[in-house]
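K.L.:
Before anything else, here's the structure in question.
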Amino acid sequence: FCHASKVEDVFSDLIDRVSTLGSDFVVSYPEVGLLPNAKEMLPRMLRKRFRKVEIAHELDAEHSSLGASKRHEKYYAKELVIIARRACG
């Protein structure tokens with residue numbers, strides 16, 4: 001994801017596509033990423049298409065800015081591991 005304006009729509013599309021497969025969905029995403037308030041927003045988005053959603057793990061992780069800033073090539077962020085199970089119909 002590199003465009004903040006598109007990340008919510010891209011996640012929604014991905015969630016919809018995975019749910020239609022009947023598969024479980026596992027995602028690792030930083031709490032402070034391009035998706036605002038990911039700790040609340042991702043589970044809310046997933047609950048629209050999955051019956052059971054949980055934040056399975058939170059860990060401190062080192063992220064790369066991928067060259068976006070010469071001053072901060074790496075930063076630390078809380079990484080969320082979210083599992084969604086049993087897709088709805």
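Ordered as shown in the structure tokens, chains take letters A, B, and onward, while each chain numbers its residues from 1 and ligands are numbered from 1 in the order shown.
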What's the 10 Å shell around segment 26-36 of chain A, counting only C-alpha atoms, without same-chain residues fewer than 4 positions away, as number ranges by chain?
P.N.:
A: 1-8, 11, 40-42, 53-63, 76-85
K.L.:
DSSP on the backbone, then: every residue of segment 23-79 of chain A marked strand (DSSP E), written as a list of chain:residue names.
P.N.:
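Restricting segment 23-79 of chain A to strand (DSSP E) produces A:Phe25, A:Val26, A:Val27, A:Ser28, A:Tyr29, A:Pro30, A:Phe50, A:Arg51, A:Lys52, A:Val53, A:Glu54, A:Ile55, A:Ala56, A:His57, A:Glu58, A:Leu59, A:Asp60, A:Ala61, A:Glu62, A:His63, A:Ser64, A:Lys74, A:Tyr75, A:Tyr76, A:Ala77, A:Lys78, A:Glu79.
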K.L.:
Could you check how far atom CA of Ser23 of chain A sits from atom CA of Arg51 of chain A, in Å to one decimal?
P.N.:
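Calculated distance between atom CA of Ser23 of chain A and atom CA of Arg51 of chain A is 12.0 Å.
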K.L.:
I need the residue nearest Arg49 of chain A from this list: A:Phe25, A:Ala87, A:Lys74, A:Thr20. Use only C-alpha atoms for the distance.
P.N.:
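Ranked by minimum distance to Arg49 of chain A, first place goes to A:Ala87.
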K.L.:
What parts of segment 8-86 of chain A does DSSP call helix (DSSP H, G or I)? I'd like the answer as a PyMOL selection string.
P.N.:
chain A and resi 8-21+38-47
K.L.:
I need the residue nearest Pro43 of chain A from this list: A:Val10, A:Arg86, A:Leu21, A:Ile15. Use only C-alpha atoms for the distance.
P.N.:
A:Ile15
